[in-house]
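Here's the structure, in structure tokens; my notes come after.
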Amino acid sequence: MQIYLSRPDITAKEIEAVCEVLRGPNLSLGPKLAEFEQAFAKYIGTKRAVAVNSGTSGLFLCMLALGIGPGDEVITTPFTFIASATAVMMAGARPVFVDIDPVSLNIDPANIEASITAKTKAILPVEVFGNPAGLDRLCEIAQKHNLAVVEDSCEALGSALNGKKVGTFGKISVFGFYPNKQITTGEGGMILTDDDYLADMCISLRNQGRGKDNGWLGHDRLGYNFRLSDINCALGIVQLSRIDQIKAKRRQVAKWYQEMLADEDRLTVPTEPDGCDMSWFVFVVRLTDGFSLEHRDRILQTMRHQNIQVSDYFPPVHLQPFMVEQFGYSQGDFPITEAVSKTTIALPFHNNLTKDEVAIVCKTLKEVLDKN
Ligand SMILES: Cc1ncc(COP(=O)(O)O)c(C=O)c1O
């Protein structure tokens with residue numbers, strides 16, 4: 001029996017909703033697109049929502065809509081999924097990394113000001129693993145320096161900080177719906193903003209640069225095909241309608257892990273930070289001091305051999321080979337990120353993980369730690 005790292009949670013309602021679209025005439029640019037966008041904007045509390053075919057394309061369109069391009073810099077974190085940085089590079093701008101807070105694992109607001117230059121156009125924070133801690137302080141710094149905040153909220157649908165929902169902190173924000181996320185559309189993403197200009201620009205850019213009044217074969221600007229089909233949107237509408245239930249299921253799984261690993265002093269186990277309503281994306285424990293990278297990797301391998309899927313979220317972005325080649329980064333540039341990254345173990349985590357499965361994971365992990 002495999003215990004999976006992640007699994008989608010698809011009910012008969014989702015299947016029926018997708019089949020209904022398939023039986024109808026509108027597979028794309030039909031009514032489900034507007035319905036999904038409106039439901040999403042309402043849930044987050046922004047004026048506009050623009051659906052796209054991935055979180056990555058959403059972040060890229062944010063850069064273009066904000067006019068960020070060659071010669072510009074965007075401050076972000078090196079402890080994230082690669083797309084937070086590559087979206088900036090796709091627009092021709094430079095990602096400038098700022099090291100993280102060792103507790104929240106988010107970009108450390110205290111380090112940001114030293115990295116702001118005349119070329120800085122935006123700050124792109126990530127709520128890593130669903131944790132929104134530090135966003136408020138980051139936004140204050142951005143405001144002081146008149147910088148746009150592009151919130152990469154791909155991991156944090158449903159999280160809030162001091163009662164304010166993730167996705168409302170930035171001038172523009174992006175969610176992702178890959179199947180390991182809180183809700184999935186298969187592939188997909190959503191851009192959120194209160195700014196009509198930015199939303200309209202994203203709508204044009206996702207649809208081949210088409211304008212509002214220029215017809216199917218009229219193109220106002222260089223655009224892309226980043227549309228999200230009605231099939232995906234129908235799936236997303238039902239998933240979004242279940243978000244409270246999904247959050248509660250994930251919170252329960254996190255609680256089981258916290259309880260079963262409470263006596264384990266070789267691990268730092270994640271908890272919900274003060275002031276945060278956490279929508280758990282993944283459950284990442286960290287080895288305490290005394291374990292090397294080789295240790296950690298051996299632990300991952302042994303767990304996998306015992307049919308328990310685990311992962312090493314995240315290797316530092318700045319040390320990915322193409323980043324080293326392009327920007328000349330090296331070991332030691334972002335020491336907290338590098339130290340944290342060597343110790344992480346993402347455990348199986350999804351809506352329908354059972355208490356028995358969590359118990360097997362915890363028991364196996366403890367046995368593997370004993371042997372290492
Ligand atoms: C922080 C972060 N940013 C961006 C993305 C990119 O989203 P997508 O895979 O939908 O392109 C992801 C997830 O995959 C992510 O975790």
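By order of appearance in the structure tokens: chains A, B, ..., then residues from 1 within every chain, and ligands from 1 in the order shown.
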
Sel. of alpha helix (DSSP H) residues, stretch 167-272 of chain A, as an MDAnalysis selection string: chainID A and resid 196:206 230:241 243:260

Residues contacting ligand 1 - anything with an atom at most 10 Å away, using only C-alpha atoms and all ligand atoms - can you give me those as an mmCIF file with N, CA and C atoms, in the first residue's frame?
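Printed below is result.cif as written:
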data_model
loop_
_atom_site.group_PDB
_atom_site.id
_atom_site.type_symbol
_atom_site.label_atom_id
_atom_site.label_comp_id
_atom_site.auth_asym_id
_atom_site.auth_seq_id
_atom_site.Cartn_x
_atom_site.Cartn_y
_atom_site.Cartn_z
ATOM 1 N N VAL A 52 -6.872 31.785 -15.254
ATOM 2 C CA VAL A 52 -5.822 31.456 -16.230
ATOM 3 C C VAL A 52 -5.496 29.969 -16.123
ATOM 4 N N ASN A 53 -4.622 29.497 -17.029
ATOM 5 C CA ASN A 53 -4.408 28.047 -17.089
ATOM 6 C C ASN A 53 -3.348 27.516 -16.131
ATOM 7 N N SER A 54 -2.696 28.384 -15.362
ATOM 8 C CA SER A 54 -1.805 27.910 -14.294
ATOM 9 C C SER A 54 -1.446 29.076 -13.379
ATOM 10 N N GLY A 55 -0.923 28.734 -12.213
ATOM 11 C CA GLY A 55 -0.414 29.777 -11.325
ATOM 12 C C GLY A 55 0.757 30.498 -11.967
ATOM 13 N N THR A 56 1.587 29.750 -12.660
ATOM 14 C CA THR A 56 2.769 30.340 -13.299
ATOM 15 C C THR A 56 2.365 31.382 -14.338
ATOM 16 N N SER A 57 1.411 31.023 -15.209
ATOM 17 C CA SER A 57 1.015 32.009 -16.225
ATOM 18 C C SER A 57 0.347 33.213 -15.555
ATOM 19 N N GLY A 58 -0.347 32.977 -14.434
ATOM 20 C CA GLY A 58 -0.937 34.093 -13.700
ATOM 21 C C GLY A 58 0.125 35.065 -13.202
ATOM 22 N N LEU A 59 1.182 34.523 -12.597
ATOM 23 C CA LEU A 59 2.257 35.398 -12.077
ATOM 24 C C LEU A 59 2.938 36.150 -13.223
ATOM 25 N N PHE A 60 3.152 35.451 -14.320
ATOM 26 C CA PHE A 60 3.779 36.084 -15.485
ATOM 27 C C PHE A 60 2.914 37.238 -16.002
ATOM 28 N N THR A 77 11.513 35.559 -2.606
ATOM 29 C CA THR A 77 12.172 34.629 -1.682
ATOM 30 C C THR A 77 12.865 33.492 -2.441
ATOM 31 N N PHE A 79 13.209 30.637 -1.035
ATOM 32 C CA PHE A 79 12.629 29.409 -0.475
ATOM 33 C C PHE A 79 11.182 29.316 -0.948
ATOM 34 N N THR A 80 11.017 28.829 -2.173
ATOM 35 C CA THR A 80 9.694 28.757 -2.793
ATOM 36 C C THR A 80 9.745 27.772 -3.941
ATOM 37 N N PHE A 81 8.588 27.550 -4.537
ATOM 38 C CA PHE A 81 8.548 26.806 -5.793
ATOM 39 C C PHE A 81 9.131 27.702 -6.889
ATOM 40 N N ILE A 82 9.786 27.093 -7.836
ATOM 41 C CA ILE A 82 10.595 27.824 -8.825
ATOM 42 C C ILE A 82 9.821 28.935 -9.560
ATOM 43 N N ALA A 83 8.495 28.725 -9.747
ATOM 44 C CA ALA A 83 7.728 29.650 -10.589
ATOM 45 C C ALA A 83 7.654 31.067 -10.029
ATOM 46 N N SER A 84 7.809 31.234 -8.706
ATOM 47 C CA SER A 84 7.782 32.589 -8.147
ATOM 48 C C SER A 84 8.895 33.422 -8.774
ATOM 49 N N ALA A 85 10.034 32.800 -9.005
ATOM 50 C CA ALA A 85 11.175 33.518 -9.592
ATOM 51 C C ALA A 85 11.153 33.498 -11.117
ATOM 52 N N THR A 86 10.772 32.365 -11.697
ATOM 53 C CA THR A 86 10.838 32.285 -13.167
ATOM 54 C C THR A 86 9.779 33.167 -13.833
ATOM 55 N N ALA A 87 8.659 33.412 -13.142
ATOM 56 C CA ALA A 87 7.649 34.305 -13.728
ATOM 57 C C ALA A 87 8.246 35.693 -13.938
ATOM 58 N N PRO A 125 5.921 38.371 -2.444
ATOM 59 C CA PRO A 125 5.987 37.435 -1.324
ATOM 60 C C PRO A 125 5.208 36.155 -1.618
ATOM 61 N N VAL A 126 5.581 35.100 -0.928
ATOM 62 C CA VAL A 126 4.898 33.811 -1.059
ATOM 63 C C VAL A 126 4.440 33.393 0.336
ATOM 64 N N GLU A 127 3.219 32.921 0.475
ATOM 65 C CA GLU A 127 2.780 32.346 1.753
ATOM 66 C C GLU A 127 3.188 30.882 1.721
ATOM 67 N N VAL A 128 4.431 30.636 2.128
ATOM 68 C CA VAL A 128 4.998 29.304 1.947
ATOM 69 C C VAL A 128 4.250 28.273 2.799
ATOM 70 N N PHE A 129 3.867 27.194 2.171
ATOM 71 C CA PHE A 129 3.133 26.077 2.797
ATOM 72 C C PHE A 129 1.782 26.531 3.368
ATOM 73 N N GLY A 130 1.307 27.718 2.937
ATOM 74 C CA GLY A 130 0.006 28.224 3.395
ATOM 75 C C GLY A 130 0.088 29.242 4.517
ATOM 76 N N GLU A 151 1.235 39.222 -4.823
ATOM 77 C CA GLU A 151 1.167 38.144 -3.831
ATOM 78 C C GLU A 151 1.119 36.800 -4.543
ATOM 79 N N ASP A 152 2.119 35.982 -4.307
ATOM 80 C CA ASP A 152 2.063 34.613 -4.827
ATOM 81 C C ASP A 152 1.360 33.764 -3.770
ATOM 82 N N SER A 153 0.050 33.656 -3.932
ATOM 83 C CA SER A 153 -0.788 32.951 -2.953
ATOM 84 C C SER A 153 -1.110 31.537 -3.393
ATOM 85 N N CYS A 154 -0.275 31.003 -4.287
ATOM 86 C CA CYS A 154 -0.573 29.692 -4.884
ATOM 87 C C CYS A 154 -0.729 28.587 -3.847
ATOM 88 N N GLU A 155 -0.114 28.757 -2.671
ATOM 89 C CA GLU A 155 -0.146 27.682 -1.676
ATOM 90 C C GLU A 155 -1.118 27.972 -0.536
ATOM 91 N N ALA A 156 -1.877 29.067 -0.620
ATOM 92 C CA ALA A 156 -2.517 29.540 0.607
ATOM 93 C C ALA A 156 -3.993 29.868 0.464
ATOM 94 N N VAL A 174 -2.141 35.917 -6.944
ATOM 95 C CA VAL A 174 -2.345 34.748 -7.819
ATOM 96 C C VAL A 174 -2.504 33.485 -6.985
ATOM 97 N N PHE A 175 -3.496 32.685 -7.341
ATOM 98 C CA PHE A 175 -3.679 31.356 -6.744
ATOM 99 C C PHE A 175 -3.435 30.295 -7.812
ATOM 100 N N GLY A 176 -3.095 29.088 -7.354
ATOM 101 C CA GLY A 176 -2.834 27.992 -8.286
ATOM 102 C C GLY A 176 -3.692 26.786 -7.950
ATOM 103 N N PHE A 177 -4.056 26.031 -8.971
ATOM 104 C CA PHE A 177 -4.983 24.908 -8.778
ATOM 105 C C PHE A 177 -4.440 23.580 -9.287
ATOM 106 N N TYR A 178 -3.125 23.416 -9.223
ATOM 107 C CA TYR A 178 -2.536 22.109 -9.523
ATOM 108 C C TYR A 178 -3.128 21.093 -8.537
ATOM 109 N N PRO A 179 -3.168 19.787 -8.913
ATOM 110 C CA PRO A 179 -3.893 18.831 -8.061
ATOM 111 C C PRO A 179 -3.420 18.671 -6.617
ATOM 112 N N ASN A 180 -2.239 19.158 -6.276
ATOM 113 C CA ASN A 180 -1.838 19.059 -4.857
ATOM 114 C C ASN A 180 -2.326 20.245 -4.022
ATOM 115 N N LYS A 181 -2.987 21.200 -4.652
ATOM 116 C CA LYS A 181 -3.407 22.409 -3.939
ATOM 117 C C LYS A 181 -4.714 22.179 -3.167
ATOM 118 N N THR A 184 -8.495 22.081 -6.701
ATOM 119 C CA THR A 184 -7.859 21.857 -7.996
ATOM 120 C C THR A 184 -8.845 22.047 -9.147
ATOM 121 N N THR A 185 -8.262 22.446 -10.290
ATOM 122 C CA THR A 185 -9.026 22.439 -11.542
ATOM 123 C C THR A 185 -8.303 21.531 -12.543
ATOM 124 N N GLY A 186 -7.471 20.646 -12.063
ATOM 125 C CA GLY A 186 -6.579 19.854 -12.926
ATOM 126 C C GLY A 186 -5.295 20.645 -13.103
ATOM 127 N N GLU A 187 -5.333 21.626 -13.952
ATOM 128 C CA GLU A 187 -4.350 22.707 -14.028
ATOM 129 C C GLU A 187 -5.152 24.000 -13.978
ATOM 130 N N GLY A 188 -4.567 25.059 -13.452
ATOM 131 C CA GLY A 188 -5.295 26.326 -13.474
ATOM 132 C C GLY A 188 -4.752 27.318 -12.477
ATOM 133 N N GLY A 189 -5.226 28.541 -12.603
ATOM 134 C CA GLY A 189 -4.811 29.591 -11.678
ATOM 135 C C GLY A 189 -5.829 30.717 -11.711
ATOM 136 N N MET A 190 -5.706 31.649 -10.765
ATOM 137 C CA MET A 190 -6.631 32.786 -10.704
ATOM 138 C C MET A 190 -5.864 34.027 -10.274
ATOM 139 N N PHE A 281 -1.419 23.691 3.382
ATOM 140 C CA PHE A 281 -1.139 23.217 2.017
ATOM 141 C C PHE A 281 -0.398 21.888 2.073
ATOM 142 N N TYR A 313 10.660 19.659 0.049
ATOM 143 C CA TYR A 313 10.266 21.055 -0.230
ATOM 144 C C TYR A 313 11.088 22.011 0.618
ATOM 145 N N PHE A 314 11.785 23.000 0.114
ATOM 146 C CA PHE A 314 12.179 23.243 -1.260
ATOM 147 C C PHE A 314 13.697 23.298 -1.342
#

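Between atom CA of A:Lys366 and atom CA of A:Arg266 the interatomic distance comes to 9.1 Å.
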
Who sits within 8 Å of stretch 116-121 of chain A, only C-alpha atoms, same chain under 2 positions skipped, as a PyMOL selection string: chain A and resi 68+71-75+112-114+123+147-148

Contacts of A:Val50 within 7 Å, only C-alpha atoms, excl. fewer than 2 positions in-chain, as a ChimeraX atom specification: /A:37,48,52,190-192,199,203

Nearest to A:Met260, chosen from A:Lys247, A:Leu365, A:Gln331, A:Asp194, with only C-alpha atoms counted in the distances: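 Of A:Lys247, A:Leu365, A:Gln331, A:Asp194, the one nearest A:Met260, counting only C-alpha atoms, is A:Leu365.
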
Strand (DSSP E or B) residues, from DSSP on the backbone, in stretch 168-340 of chain A, as an MDAnalysis selection string: chainID A and resid 172:176 189:193 207 210 219 225 267:268 276:277 283:287 308 311

Limited to N, CA and C atoms, could you put the picked residues into a file as a compact mmCIF listing (two decimals), in the first residue's frame?
# COMPACT_ATOMS: atom_id res chain seq x y z
N ILE A 172 -2.05 42.92 -6.58
CA ILE A 172 -2.56 41.85 -7.44
C ILE A 172 -2.04 40.54 -6.83
N SER A 173 -2.83 39.47 -6.94
CA SER A 173 -2.40 38.21 -6.32
C SER A 173 -2.78 37.05 -7.22
N VAL A 174 -2.14 35.92 -6.94
CA VAL A 174 -2.35 34.75 -7.82
C VAL A 174 -2.50 33.48 -6.98
N PHE A 175 -3.50 32.69 -7.34
CA PHE A 175 -3.68 31.36 -6.74
C PHE A 175 -3.44 30.30 -7.81
N GLY A 176 -3.10 29.09 -7.35
CA GLY A 176 -2.83 27.99 -8.29
C GLY A 176 -3.69 26.79 -7.95
N GLY A 189 -5.23 28.54 -12.60
CA GLY A 189 -4.81 29.59 -11.68
C GLY A 189 -5.83 30.72 -11.71
N MET A 190 -5.71 31.65 -10.76
CA MET A 190 -6.63 32.79 -10.70
C MET A 190 -5.86 34.03 -10.27
N ILE A 191 -6.08 35.11 -11.01
CA ILE A 191 -5.49 36.41 -10.67
C ILE A 191 -6.57 37.24 -9.99
N LEU A 192 -6.23 37.86 -8.87
CA LEU A 192 -7.19 38.67 -8.12
C LEU A 192 -6.67 40.09 -7.99
N THR A 193 -7.55 41.06 -8.14
CA THR A 193 -7.16 42.46 -7.95
C THR A 193 -8.40 43.34 -7.79
N ASN A 207 -5.75 36.06 -23.55
CA ASN A 207 -6.58 35.69 -24.70
C ASN A 207 -6.04 36.31 -25.98
N ARG A 210 -6.41 40.00 -27.39
CA ARG A 210 -7.66 40.54 -27.94
C ARG A 210 -8.15 41.70 -27.08
N HIS A 219 -6.37 41.99 -32.66
CA HIS A 219 -5.42 41.82 -31.55
C HIS A 219 -4.76 43.15 -31.23
N ASN A 225 -2.09 32.39 -25.14
CA ASN A 225 -3.28 31.61 -24.84
C ASN A 225 -3.10 30.98 -23.47
N LEU A 267 12.53 16.49 15.72
CA LEU A 267 11.81 17.20 14.64
C LEU A 267 11.23 18.52 15.14
N THR A 268 11.21 19.54 14.24
CA THR A 268 10.39 20.73 14.48
C THR A 268 9.11 20.52 13.68
N CYS A 276 -2.77 33.87 12.73
CA CYS A 276 -2.98 33.27 11.40
C CYS A 276 -4.12 32.26 11.43
N ASP A 277 -4.98 32.36 10.45
CA ASP A 277 -5.92 31.27 10.17
C ASP A 277 -5.28 30.53 9.02
N PHE A 283 2.41 19.45 4.86
CA PHE A 283 2.87 19.32 6.26
C PHE A 283 4.35 18.99 6.22
N VAL A 284 5.15 20.02 6.50
CA VAL A 284 6.60 19.90 6.35
C VAL A 284 7.25 19.95 7.74
N VAL A 285 7.85 18.84 8.14
CA VAL A 285 8.60 18.84 9.41
C VAL A 285 10.06 19.10 9.08
N ARG A 286 10.80 19.55 10.12
CA ARG A 286 12.23 19.82 9.91
C ARG A 286 13.05 19.07 10.93
N LEU A 287 14.14 18.51 10.46
CA LEU A 287 15.07 17.84 11.37
C LEU A 287 15.75 18.89 12.23
N ILE A 308 6.03 5.14 1.50
CA ILE A 308 5.50 6.41 2.01
C ILE A 308 6.13 7.53 1.19
N SER A 311 8.79 14.35 0.40
CA SER A 311 9.52 15.22 -0.52
C SER A 311 10.39 16.21 0.25

Using only C-alpha atoms: which of A:Cys139, A:Leu157, A:Ala133, A:Leu293 has the shortest distance to A:Asp274: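 Among the listed residues, A:Ala133 lies closest to A:Asp274.
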
Option closest in space to A:Leu205, from A:Lys255, A:Pro95, A:Ala65, A:Ala17 [counting only C-alpha atoms]: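 Among A:Lys255, A:Pro95, A:Ala65, A:Ala17, it is A:Ala65 that comes nearest to A:Leu205.
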
Shortest interatomic distance to A:Pro132 - which of A:Ser279, A:Ser292, A:Thr354, A:Thr11, counting only C-alpha atoms: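 Comparing A:Ser279, A:Ser292, A:Thr354, A:Thr11 against A:Pro132, the winner is A:Ser279.
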
Spatial neighbours of A:Gln320, 10 Å, only C-alpha atoms, chain gap at least 4 places, as a list of chain:residue names: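 Counting only C-alpha atoms, the residues come to A:Ile82, A:Pro315, A:Pro316, A:Val324, A:Glu325, A:Tyr329, A:Ser330.
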
Length of the atom CA of A:Gly134 to atom CA of A:Asp101 vector [Å]: 8.9 Å
